[in-house]
Amino acid sequence: MARKPEESTSPVPVSPDRLWAEQLAIGLALLIGLLVFMAFFQPKLLSTGGKVLGPNYMEAYGWWSALGVFLHLVIHEASTLLVARGLKLPLRFRLFAFGANATAILENQPRETWRDALVGMAGPLAGTLVSALCALIYNFTDNPFFLGMACVGYFYNLFTLIPILDLEGGWIAPAIIPQAWLIGLVACIFELRHGFNLVLLCVVSFAIPRFILLLRARAPRMDLNCTNRQRFIVSIGYFLLVLALAWFASTTFEALRVLVPEAMGD
């Protein structure tokens with residue numbers, strides 16, 4: 001009598017699109033839940049954090065502020081293009097905000113975890129350096145315009161590091177090891193307790209489901225496609241950049257509330 005073929009017990013792989021959809025759904029639910037909780041129990045803190053979304057730079061600085069924001073965006077995206085060109089990726093010169101340029105470059109390419117992380121890190125790193133330069137100019141000139149432009153850059157680049165597609169954080173996330181997600185999330189929560197930052201809360205809300213999916217083995221360990229050195233560089237670099245941007249964004253915003261209160265909604 002012929003034997004029945006043994007049924008495979010290996011788990012059916014989940015499509016990457018479904019995994020990203022799960023992370024997005026869980027992250028949105030977590031973020032909305034936290035915002036509702038804060039609206040009831042910490043309304044003052046939530047109101048302070050929400051003011052970062054509404055500074056009226058046009059009122060404070062006129063058209064110079066529009067030019068400053070535009071240059072932040074151009075430098076951020078141009079850095080992504082330059083790194084992609086250095087990696088010999090086919091380029092299409094299109095200007096996108098919020099890290100979508102990385103998606104436009106990589107969406108039709110075979111997935112390579114280390115390369116994707118390099119392209120994703122390029123814009124936020126360059127944008128952070130430009131913001132730091134603006135803050136340095138402010139220290140020498142005492143002109144609050146430069147501090148305002150530094151604040152814009154810090155928040156903008158932190159936003160692009162939220163670990164979801166089509167933001168650049170989504171291209172970096174697969175190269176991060178699970179241990180780094182745990183340590184990094186704990187550090188981010190401590191930073192939130194030290195100084196509330198609404199954009200950092202978004203980073204945490206979408207990073208938690210990424211970590212959960214890795215723990216439950218639903219998301220594949222894409223970081224294993226990198227060398228140990230590459231995984232270390234991306235994992236440490238990502239969370240150091242997130243924490244630095246969150247701290248500098250919060251401190252510069254608080255300084256601006258004193259310097260130009262009419263532009264900060266006070």
# chains A, B, ... in the order shown; residues from 1 in each chain; ligands from 1
>>> select_by_dssp(residues="segment 104-227 of chain A", states="alpha helix (DSSP H)", output="PDB file with N, CA and C atoms, in the first residue's frame")
ATOM      1  N   ALA A 104      10.725  55.682  -4.909  1.00  0.00           N
ATOM      2  CA  ALA A 104      10.702  55.798  -6.368  1.00  0.00           C
ATOM      3  C   ALA A 104      11.936  55.164  -6.990  1.00  0.00           C
ATOM      4  N   ILE A 105      13.076  55.256  -6.302  1.00  0.00           N
ATOM      5  CA  ILE A 105      14.318  54.687  -6.822  1.00  0.00           C
ATOM      6  C   ILE A 105      14.318  53.171  -6.692  1.00  0.00           C
ATOM      7  N   LEU A 106      13.838  52.656  -5.547  1.00  0.00           N
ATOM      8  CA  LEU A 106      14.040  51.250  -5.217  1.00  0.00           C
ATOM      9  C   LEU A 106      12.862  50.347  -5.552  1.00  0.00           C
ATOM     10  N   THR A 113      18.936  44.280   1.321  1.00  0.00           N
ATOM     11  CA  THR A 113      18.693  44.924   2.610  1.00  0.00           C
ATOM     12  C   THR A 113      19.715  46.011   2.930  1.00  0.00           C
ATOM     13  N   TRP A 114      20.993  45.718   2.746  1.00  0.00           N
ATOM     14  CA  TRP A 114      22.048  46.688   3.067  1.00  0.00           C
ATOM     15  C   TRP A 114      21.974  47.898   2.151  1.00  0.00           C
ATOM     16  N   ARG A 115      21.768  47.662   0.869  1.00  0.00           N
ATOM     17  CA  ARG A 115      21.685  48.772  -0.081  1.00  0.00           C
ATOM     18  C   ARG A 115      20.474  49.654   0.216  1.00  0.00           C
ATOM     19  N   ASP A 116      19.336  49.030   0.508  1.00  0.00           N
ATOM     20  CA  ASP A 116      18.138  49.790   0.824  1.00  0.00           C
ATOM     21  C   ASP A 116      18.364  50.679   2.051  1.00  0.00           C
ATOM     22  N   ALA A 117      19.046  50.125   3.057  1.00  0.00           N
ATOM     23  CA  ALA A 117      19.309  50.896   4.273  1.00  0.00           C
ATOM     24  C   ALA A 117      20.219  52.082   3.996  1.00  0.00           C
ATOM     25  N   LEU A 118      21.222  51.895   3.140  1.00  0.00           N
ATOM     26  CA  LEU A 118      22.118  53.005   2.792  1.00  0.00           C
ATOM     27  C   LEU A 118      21.365  54.131   2.110  1.00  0.00           C
ATOM     28  N   VAL A 119      20.523  53.765   1.156  1.00  0.00           N
ATOM     29  CA  VAL A 119      19.744  54.785   0.449  1.00  0.00           C
ATOM     30  C   VAL A 119      18.794  55.481   1.416  1.00  0.00           C
ATOM     31  N   GLY A 120      18.173  54.701   2.313  1.00  0.00           N
ATOM     32  CA  GLY A 120      17.239  55.277   3.269  1.00  0.00           C
ATOM     33  C   GLY A 120      17.897  56.206   4.275  1.00  0.00           C
ATOM     34  N   MET A 121      19.134  55.919   4.673  1.00  0.00           N
ATOM     35  CA  MET A 121      19.826  56.734   5.674  1.00  0.00           C
ATOM     36  C   MET A 121      20.379  58.027   5.095  1.00  0.00           C
ATOM     37  N   ALA A 122      20.592  58.070   3.785  1.00  0.00           N
ATOM     38  CA  ALA A 122      21.282  59.208   3.176  1.00  0.00           C
ATOM     39  C   ALA A 122      20.565  60.526   3.426  1.00  0.00           C
ATOM     40  N   GLY A 123      19.266  60.583   3.131  1.00  0.00           N
ATOM     41  CA  GLY A 123      18.528  61.831   3.289  1.00  0.00           C
ATOM     42  C   GLY A 123      18.463  62.323   4.720  1.00  0.00           C
ATOM     43  N   PRO A 124      18.047  61.474   5.684  1.00  0.00           N
ATOM     44  CA  PRO A 124      17.997  61.934   7.074  1.00  0.00           C
ATOM     45  C   PRO A 124      19.350  62.373   7.632  1.00  0.00           C
ATOM     46  N   LEU A 125      20.422  61.677   7.259  1.00  0.00           N
ATOM     47  CA  LEU A 125      21.751  62.079   7.741  1.00  0.00           C
ATOM     48  C   LEU A 125      22.140  63.448   7.204  1.00  0.00           C
ATOM     49  N   ALA A 126      21.964  63.649   5.898  1.00  0.00           N
ATOM     50  CA  ALA A 126      22.306  64.942   5.298  1.00  0.00           C
ATOM     51  C   ALA A 126      21.436  66.049   5.872  1.00  0.00           C
ATOM     52  N   GLY A 127      20.138  65.759   6.038  1.00  0.00           N
ATOM     53  CA  GLY A 127      19.239  66.758   6.594  1.00  0.00           C
ATOM     54  C   GLY A 127      19.592  67.122   8.024  1.00  0.00           C
ATOM     55  N   THR A 128      20.039  66.151   8.803  1.00  0.00           N
ATOM     56  CA  THR A 128      20.446  66.417  10.179  1.00  0.00           C
ATOM     57  C   THR A 128      21.674  67.320  10.222  1.00  0.00           C
ATOM     58  N   LEU A 129      22.634  67.068   9.341  1.00  0.00           N
ATOM     59  CA  LEU A 129      23.839  67.909   9.288  1.00  0.00           C
ATOM     60  C   LEU A 129      23.494  69.344   8.903  1.00  0.00           C
ATOM     61  N   VAL A 130      22.568  69.512   7.948  1.00  0.00           N
ATOM     62  CA  VAL A 130      22.157  70.862   7.538  1.00  0.00           C
ATOM     63  C   VAL A 130      21.455  71.564   8.693  1.00  0.00           C
ATOM     64  N   SER A 131      20.617  70.847   9.410  1.00  0.00           N
ATOM     65  CA  SER A 131      19.922  71.436  10.559  1.00  0.00           C
ATOM     66  C   SER A 131      20.915  71.850  11.644  1.00  0.00           C
ATOM     67  N   ALA A 132      21.905  70.987  11.891  1.00  0.00           N
ATOM     68  CA  ALA A 132      22.932  71.321  12.882  1.00  0.00           C
ATOM     69  C   ALA A 132      23.720  72.556  12.452  1.00  0.00           C
ATOM     70  N   LEU A 133      23.972  72.689  11.143  1.00  0.00           N
ATOM     71  CA  LEU A 133      24.666  73.881  10.635  1.00  0.00           C
ATOM     72  C   LEU A 133      23.826  75.127  10.860  1.00  0.00           C
ATOM     73  N   CYS A 134      22.515  75.033  10.636  1.00  0.00           N
ATOM     74  CA  CYS A 134      21.632  76.171  10.892  1.00  0.00           C
ATOM     75  C   CYS A 134      21.679  76.575  12.363  1.00  0.00           C
ATOM     76  N   ALA A 135      21.674  75.574  13.256  1.00  0.00           N
ATOM     77  CA  ALA A 135      21.751  75.864  14.693  1.00  0.00           C
ATOM     78  C   ALA A 135      23.083  76.514  15.051  1.00  0.00           C
ATOM     79  N   LEU A 136      24.163  76.074  14.397  1.00  0.00           N
ATOM     80  CA  LEU A 136      25.476  76.663  14.643  1.00  0.00           C
ATOM     81  C   LEU A 136      25.510  78.117  14.186  1.00  0.00           C
ATOM     82  N   ILE A 137      24.922  78.411  13.032  1.00  0.00           N
ATOM     83  CA  ILE A 137      24.862  79.790  12.539  1.00  0.00           C
ATOM     84  C   ILE A 137      24.081  80.667  13.516  1.00  0.00           C
ATOM     85  N   TYR A 138      22.998  80.103  14.061  1.00  0.00           N
ATOM     86  CA  TYR A 138      22.227  80.867  15.057  1.00  0.00           C
ATOM     87  C   TYR A 138      23.096  81.224  16.259  1.00  0.00           C
ATOM     88  N   ASN A 139      23.931  80.290  16.716  1.00  0.00           N
ATOM     89  CA  ASN A 139      24.785  80.554  17.871  1.00  0.00           C
ATOM     90  C   ASN A 139      25.745  81.701  17.628  1.00  0.00           C
ATOM     91  N   PHE A 140      26.132  81.903  16.363  1.00  0.00           N
ATOM     92  CA  PHE A 140      27.068  82.987  16.032  1.00  0.00           C
ATOM     93  C   PHE A 140      26.343  84.302  15.713  1.00  0.00           C
ATOM     94  N   THR A 141      25.101  84.223  15.225  1.00  0.00           N
ATOM     95  CA  THR A 141      24.408  85.426  14.754  1.00  0.00           C
ATOM     96  C   THR A 141      23.262  85.878  15.658  1.00  0.00           C
ATOM     97  N   PRO A 144      17.033  84.343  15.094  1.00  0.00           N
ATOM     98  CA  PRO A 144      16.145  83.205  15.345  1.00  0.00           C
ATOM     99  C   PRO A 144      15.682  82.491  14.077  1.00  0.00           C
ATOM    100  N   PHE A 145      15.841  83.140  12.908  1.00  0.00           N
ATOM    101  CA  PHE A 145      15.469  82.481  11.657  1.00  0.00           C
ATOM    102  C   PHE A 145      16.224  81.167  11.484  1.00  0.00           C
ATOM    103  N   PHE A 146      17.515  81.183  11.776  1.00  0.00           N
ATOM    104  CA  PHE A 146      18.324  79.975  11.589  1.00  0.00           C
ATOM    105  C   PHE A 146      17.950  78.889  12.603  1.00  0.00           C
ATOM    106  N   LEU A 147      17.580  79.296  13.815  1.00  0.00           N
ATOM    107  CA  LEU A 147      17.126  78.310  14.787  1.00  0.00           C
ATOM    108  C   LEU A 147      15.795  77.708  14.336  1.00  0.00           C
ATOM    109  N   GLY A 148      14.932  78.551  13.741  1.00  0.00           N
ATOM    110  CA  GLY A 148      13.670  78.051  13.210  1.00  0.00           C
ATOM    111  C   GLY A 148      13.873  77.050  12.089  1.00  0.00           C
ATOM    112  N   MET A 149      14.835  77.327  11.213  1.00  0.00           N
ATOM    113  CA  MET A 149      15.105  76.398  10.113  1.00  0.00           C
ATOM    114  C   MET A 149      15.733  75.098  10.635  1.00  0.00           C
ATOM    115  N   ALA A 150      16.538  75.198  11.701  1.00  0.00           N
ATOM    116  CA  ALA A 150      17.080  73.988  12.317  1.00  0.00           C
ATOM    117  C   ALA A 150      15.947  73.143  12.891  1.00  0.00           C
ATOM    118  N   CYS A 151      14.992  73.801  13.544  1.00  0.00           N
ATOM    119  CA  CYS A 151      13.854  73.101  14.134  1.00  0.00           C
ATOM    120  C   CYS A 151      13.044  72.386  13.055  1.00  0.00           C
ATOM    121  N   VAL A 152      12.788  73.067  11.938  1.00  0.00           N
ATOM    122  CA  VAL A 152      12.064  72.448  10.818  1.00  0.00           C
ATOM    123  C   VAL A 152      12.791  71.201  10.343  1.00  0.00           C
ATOM    124  N   GLY A 153      14.097  71.309  10.180  1.00  0.00           N
ATOM    125  CA  GLY A 153      14.883  70.185   9.680  1.00  0.00           C
ATOM    126  C   GLY A 153      14.875  69.001  10.631  1.00  0.00           C
ATOM    127  N   TYR A 154      15.002  69.281  11.922  1.00  0.00           N
ATOM    128  CA  TYR A 154      15.008  68.180  12.892  1.00  0.00           C
ATOM    129  C   TYR A 154      13.690  67.405  12.854  1.00  0.00           C
ATOM    130  N   PHE A 155      12.578  68.130  12.867  1.00  0.00           N
ATOM    131  CA  PHE A 155      11.281  67.454  12.850  1.00  0.00           C
ATOM    132  C   PHE A 155      11.025  66.742  11.523  1.00  0.00           C
ATOM    133  N   TYR A 156      11.398  67.388  10.425  1.00  0.00           N
ATOM    134  CA  TYR A 156      11.159  66.781   9.115  1.00  0.00           C
ATOM    135  C   TYR A 156      11.932  65.474   8.970  1.00  0.00           C
ATOM    136  N   ASN A 157      13.199  65.492   9.327  1.00  0.00           N
ATOM    137  CA  ASN A 157      14.020  64.293   9.171  1.00  0.00           C
ATOM    138  C   ASN A 157      13.619  63.198  10.149  1.00  0.00           C
ATOM    139  N   LEU A 158      13.167  63.579  11.340  1.00  0.00           N
ATOM    140  CA  LEU A 158      12.662  62.582  12.279  1.00  0.00           C
ATOM    141  C   LEU A 158      11.403  61.930  11.721  1.00  0.00           C
ATOM    142  N   PHE A 159      10.537  62.723  11.105  1.00  0.00           N
ATOM    143  CA  PHE A 159       9.316  62.171  10.522  1.00  0.00           C
ATOM    144  C   PHE A 159       9.631  61.131   9.449  1.00  0.00           C
ATOM    145  N   THR A 160      10.633  61.394   8.620  1.00  0.00           N
ATOM    146  CA  THR A 160      10.955  60.450   7.548  1.00  0.00           C
ATOM    147  C   THR A 160      11.527  59.144   8.081  1.00  0.00           C
ATOM    148  N   GLU A 168      11.428  56.814   4.554  1.00  0.00           N
ATOM    149  CA  GLU A 168      12.760  56.224   4.474  1.00  0.00           C
ATOM    150  C   GLU A 168      13.046  55.264   5.619  1.00  0.00           C
ATOM    151  N   GLY A 169      12.368  55.484   6.754  1.00  0.00           N
ATOM    152  CA  GLY A 169      12.513  54.531   7.851  1.00  0.00           C
ATOM    153  C   GLY A 169      12.089  53.125   7.465  1.00  0.00           C
ATOM    154  N   GLY A 170      11.157  53.027   6.525  1.00  0.00           N
ATOM    155  CA  GLY A 170      10.728  51.718   6.062  1.00  0.00           C
ATOM    156  C   GLY A 170      11.772  50.985   5.259  1.00  0.00           C
ATOM    157  N   TRP A 171      12.685  51.709   4.640  1.00  0.00           N
ATOM    158  CA  TRP A 171      13.775  51.080   3.879  1.00  0.00           C
ATOM    159  C   TRP A 171      14.934  50.703   4.791  1.00  0.00           C
ATOM    160  N   ILE A 172      15.010  51.355   5.943  1.00  0.00           N
ATOM    161  CA  ILE A 172      16.074  51.049   6.898  1.00  0.00           C
ATOM    162  C   ILE A 172      15.684  49.887   7.804  1.00  0.00           C
ATOM    163  N   PRO A 178      16.530  42.393  15.936  1.00  0.00           N
ATOM    164  CA  PRO A 178      15.480  42.461  16.962  1.00  0.00           C
ATOM    165  C   PRO A 178      15.951  43.045  18.286  1.00  0.00           C
ATOM    166  N   GLN A 179      17.178  42.709  18.699  1.00  0.00           N
ATOM    167  CA  GLN A 179      17.687  43.235  19.975  1.00  0.00           C
ATOM    168  C   GLN A 179      17.747  44.765  19.956  1.00  0.00           C
ATOM    169  N   ALA A 180      18.100  45.318  18.793  1.00  0.00           N
ATOM    170  CA  ALA A 180      18.178  46.774  18.680  1.00  0.00           C
ATOM    171  C   ALA A 180      16.795  47.409  18.763  1.00  0.00           C
ATOM    172  N   TRP A 181      15.780  46.726  18.204  1.00  0.00           N
ATOM    173  CA  TRP A 181      14.410  47.248  18.327  1.00  0.00           C
ATOM    174  C   TRP A 181      14.026  47.357  19.799  1.00  0.00           C
ATOM    175  N   LEU A 182      14.340  46.335  20.575  1.00  0.00           N
ATOM    176  CA  LEU A 182      13.982  46.341  21.994  1.00  0.00           C
ATOM    177  C   LEU A 182      14.694  47.468  22.734  1.00  0.00           C
ATOM    178  N   ILE A 183      16.016  47.514  22.596  1.00  0.00           N
ATOM    179  CA  ILE A 183      16.797  48.540  23.304  1.00  0.00           C
ATOM    180  C   ILE A 183      16.427  49.933  22.822  1.00  0.00           C
ATOM    181  N   GLY A 184      16.283  50.081  21.508  1.00  0.00           N
ATOM    182  CA  GLY A 184      15.955  51.381  20.945  1.00  0.00           C
ATOM    183  C   GLY A 184      14.588  51.877  21.380  1.00  0.00           C
ATOM    184  N   LEU A 185      13.607  50.971  21.429  1.00  0.00           N
ATOM    185  CA  LEU A 185      12.265  51.373  21.855  1.00  0.00           C
ATOM    186  C   LEU A 185      12.265  51.814  23.317  1.00  0.00           C
ATOM    187  N   VAL A 186      12.987  51.096  24.160  1.00  0.00           N
ATOM    188  CA  VAL A 186      13.086  51.492  25.571  1.00  0.00           C
ATOM    189  C   VAL A 186      13.711  52.887  25.676  1.00  0.00           C
ATOM    190  N   ALA A 187      14.774  53.129  24.911  1.00  0.00           N
ATOM    191  CA  ALA A 187      15.428  54.442  24.932  1.00  0.00           C
ATOM    192  C   ALA A 187      14.486  55.538  24.437  1.00  0.00           C
ATOM    193  N   CYS A 188      13.709  55.249  23.412  1.00  0.00           N
ATOM    194  CA  CYS A 188      12.762  56.238  22.879  1.00  0.00           C
ATOM    195  C   CYS A 188      11.668  56.555  23.895  1.00  0.00           C
ATOM    196  N   ILE A 189      11.200  55.546  24.620  1.00  0.00           N
ATOM    197  CA  ILE A 189      10.172  55.774  25.638  1.00  0.00           C
ATOM    198  C   ILE A 189      10.715  56.635  26.766  1.00  0.00           C
ATOM    199  N   PHE A 190      11.972  56.402  27.167  1.00  0.00           N
ATOM    200  CA  PHE A 190      12.598  57.256  28.176  1.00  0.00           C
ATOM    201  C   PHE A 190      12.709  58.697  27.669  1.00  0.00           C
ATOM    202  N   GLU A 191      13.046  58.853  26.382  1.00  0.00           N
ATOM    203  CA  GLU A 191      13.134  60.195  25.805  1.00  0.00           C
ATOM    204  C   GLU A 191      11.761  60.870  25.799  1.00  0.00           C
ATOM    205  N   LEU A 192      10.704  60.103  25.512  1.00  0.00           N
ATOM    206  CA  LEU A 192       9.348  60.663  25.543  1.00  0.00           C
ATOM    207  C   LEU A 192       8.972  61.121  26.946  1.00  0.00           C
ATOM    208  N   ARG A 193       9.397  60.382  27.945  1.00  0.00           N
ATOM    209  CA  ARG A 193       9.108  60.764  29.327  1.00  0.00           C
ATOM    210  C   ARG A 193       9.893  62.010  29.722  1.00  0.00           C
ATOM    211  N   HIS A 194      11.083  62.152  29.167  1.00  0.00           N
ATOM    212  CA  HIS A 194      11.915  63.314  29.487  1.00  0.00           C
ATOM    213  C   HIS A 194      11.369  64.575  28.827  1.00  0.00           C
ATOM    214  N   LEU A 198       5.736  64.641  19.677  1.00  0.00           N
ATOM    215  CA  LEU A 198       4.666  63.947  18.968  1.00  0.00           C
ATOM    216  C   LEU A 198       5.188  63.108  17.812  1.00  0.00           C
ATOM    217  N   VAL A 199       6.227  63.582  17.139  1.00  0.00           N
ATOM    218  CA  VAL A 199       6.784  62.820  16.014  1.00  0.00           C
ATOM    219  C   VAL A 199       7.494  61.570  16.527  1.00  0.00           C
ATOM    220  N   LEU A 200       8.196  61.693  17.645  1.00  0.00           N
ATOM    221  CA  LEU A 200       8.838  60.515  18.241  1.00  0.00           C
ATOM    222  C   LEU A 200       7.787  59.500  18.683  1.00  0.00           C
ATOM    223  N   LEU A 201       6.643  59.975  19.155  1.00  0.00           N
ATOM    224  CA  LEU A 201       5.556  59.061  19.513  1.00  0.00           C
ATOM    225  C   LEU A 201       5.100  58.263  18.291  1.00  0.00           C
ATOM    226  N   CYS A 202       5.082  58.900  17.120  1.00  0.00           N
ATOM    227  CA  CYS A 202       4.739  58.194  15.883  1.00  0.00           C
ATOM    228  C   CYS A 202       5.782  57.126  15.558  1.00  0.00           C
ATOM    229  N   VAL A 203       7.054  57.459  15.742  1.00  0.00           N
ATOM    230  CA  VAL A 203       8.120  56.482  15.501  1.00  0.00           C
ATOM    231  C   VAL A 203       7.923  55.264  16.389  1.00  0.00           C
ATOM    232  N   VAL A 204       7.666  55.501  17.683  1.00  0.00           N
ATOM    233  CA  VAL A 204       7.485  54.404  18.631  1.00  0.00           C
ATOM    234  C   VAL A 204       6.248  53.577  18.280  1.00  0.00           C
ATOM    235  N   SER A 205       5.156  54.252  17.925  1.00  0.00           N
ATOM    236  CA  SER A 205       3.895  53.550  17.649  1.00  0.00           C
ATOM    237  C   SER A 205       4.016  52.593  16.483  1.00  0.00           C
ATOM    238  N   PHE A 206       4.824  52.943  15.476  1.00  0.00           N
ATOM    239  CA  PHE A 206       4.963  52.061  14.323  1.00  0.00           C
ATOM    240  C   PHE A 206       6.155  51.108  14.447  1.00  0.00           C
ATOM    241  N   ALA A 207       7.070  51.409  15.371  1.00  0.00           N
ATOM    242  CA  ALA A 207       8.188  50.488  15.607  1.00  0.00           C
ATOM    243  C   ALA A 207       7.766  49.310  16.468  1.00  0.00           C
ATOM    244  N   ILE A 208       6.848  49.528  17.396  1.00  0.00           N
ATOM    245  CA  ILE A 208       6.397  48.439  18.274  1.00  0.00           C
ATOM    246  C   ILE A 208       5.805  47.281  17.474  1.00  0.00           C
ATOM    247  N   PRO A 209       4.868  47.508  16.529  1.00  0.00           N
ATOM    248  CA  PRO A 209       4.358  46.358  15.765  1.00  0.00           C
ATOM    249  C   PRO A 209       5.427  45.684  14.915  1.00  0.00           C
ATOM    250  N   ARG A 210       6.416  46.432  14.444  1.00  0.00           N
ATOM    251  CA  ARG A 210       7.521  45.821  13.709  1.00  0.00           C
ATOM    252  C   ARG A 210       8.255  44.835  14.604  1.00  0.00           C
ATOM    253  N   PHE A 211       8.520  45.236  15.837  1.00  0.00           N
ATOM    254  CA  PHE A 211       9.200  44.373  16.799  1.00  0.00           C
ATOM    255  C   PHE A 211       8.342  43.152  17.133  1.00  0.00           C
ATOM    256  N   ILE A 212       7.033  43.360  17.300  1.00  0.00           N
ATOM    257  CA  ILE A 212       6.128  42.247  17.616  1.00  0.00           C
ATOM    258  C   ILE A 212       6.097  41.230  16.479  1.00  0.00           C
ATOM    259  N   LEU A 213       6.039  41.714  15.245  1.00  0.00           N
ATOM    260  CA  LEU A 213       6.011  40.801  14.095  1.00  0.00           C
ATOM    261  C   LEU A 213       7.296  39.982  14.010  1.00  0.00           C
ATOM    262  N   LEU A 214       8.419  40.587  14.379  1.00  0.00           N
ATOM    263  CA  LEU A 214       9.678  39.844  14.399  1.00  0.00           C
ATOM    264  C   LEU A 214       9.676  38.792  15.507  1.00  0.00           C
ATOM    265  N   LEU A 215       9.164  39.155  16.678  1.00  0.00           N
ATOM    266  CA  LEU A 215       9.122  38.212  17.793  1.00  0.00           C
ATOM    267  C   LEU A 215       8.226  37.016  17.479  1.00  0.00           C
TER     268      LEU A 215
END
>>> residues_around(residues="Leu24 of chain A", least_positions_apart="2", cutoff="9 Å", atoms="only C-alpha atoms", output="PyMOL selection string")
chain A and resi 19-22+26-29+164-165+206+209
>>> atom_distance(atom1="atom CA of Asn228 of chain A", atom2="atom CA of Ala246 of chain A")
27.2 Å
>>> atom_distance(atom1="atom CA of Asp166 of chain A", atom2="atom CA of His76 of chain A")
15.1 Å
>>> closest_residue(among="A:Ile177, A:Leu31, A:Leu245, A:Ala66", to="Arg221 of chain A", atoms="only C-alpha atoms")
A:Ile177
>>> residues_around(residues="segment 231-238 of chain A", least_positions_apart="2", cutoff="7 Å", atoms="only C-alpha atoms", output="VMD selection string")
chain A and resid 175 to 177 180 223 226 to 229 240 to 242
>>> write_last_selection(atoms="C-alpha atoms", output="PDB file, in the first residue's frame")
ATOM      1  CA  ALA A 175      18.344  45.749   8.390  1.00  0.00           C
ATOM      2  CA  ILE A 176      17.773  46.348  12.120  1.00  0.00           C
ATOM      3  CA  ILE A 177      18.249  43.381  14.451  1.00  0.00           C
ATOM      4  CA  ALA A 180      18.178  46.774  18.680  1.00  0.00           C
ATOM      5  CA  ASP A 223      18.776  41.632   8.659  1.00  0.00           C
ATOM      6  CA  CYS A 226      23.632  41.648   5.963  1.00  0.00           C
ATOM      7  CA  THR A 227      27.001  41.031   7.553  1.00  0.00           C
ATOM      8  CA  ASN A 228      27.318  41.457  11.328  1.00  0.00           C
ATOM      9  CA  ARG A 229      29.144  44.749  10.787  1.00  0.00           C
ATOM     10  CA  LEU A 240      21.086  57.172  17.586  1.00  0.00           C
ATOM     11  CA  LEU A 241      19.789  59.360  14.770  1.00  0.00           C
ATOM     12  CA  VAL A 242      16.174  59.053  15.959  1.00  0.00           C
TER      13      VAL A 242
END
>>> atom_distance(atom1="atom CA of Leu46 of chain A", atom2="atom CA of Gly195 of chain A")
11.5 Å
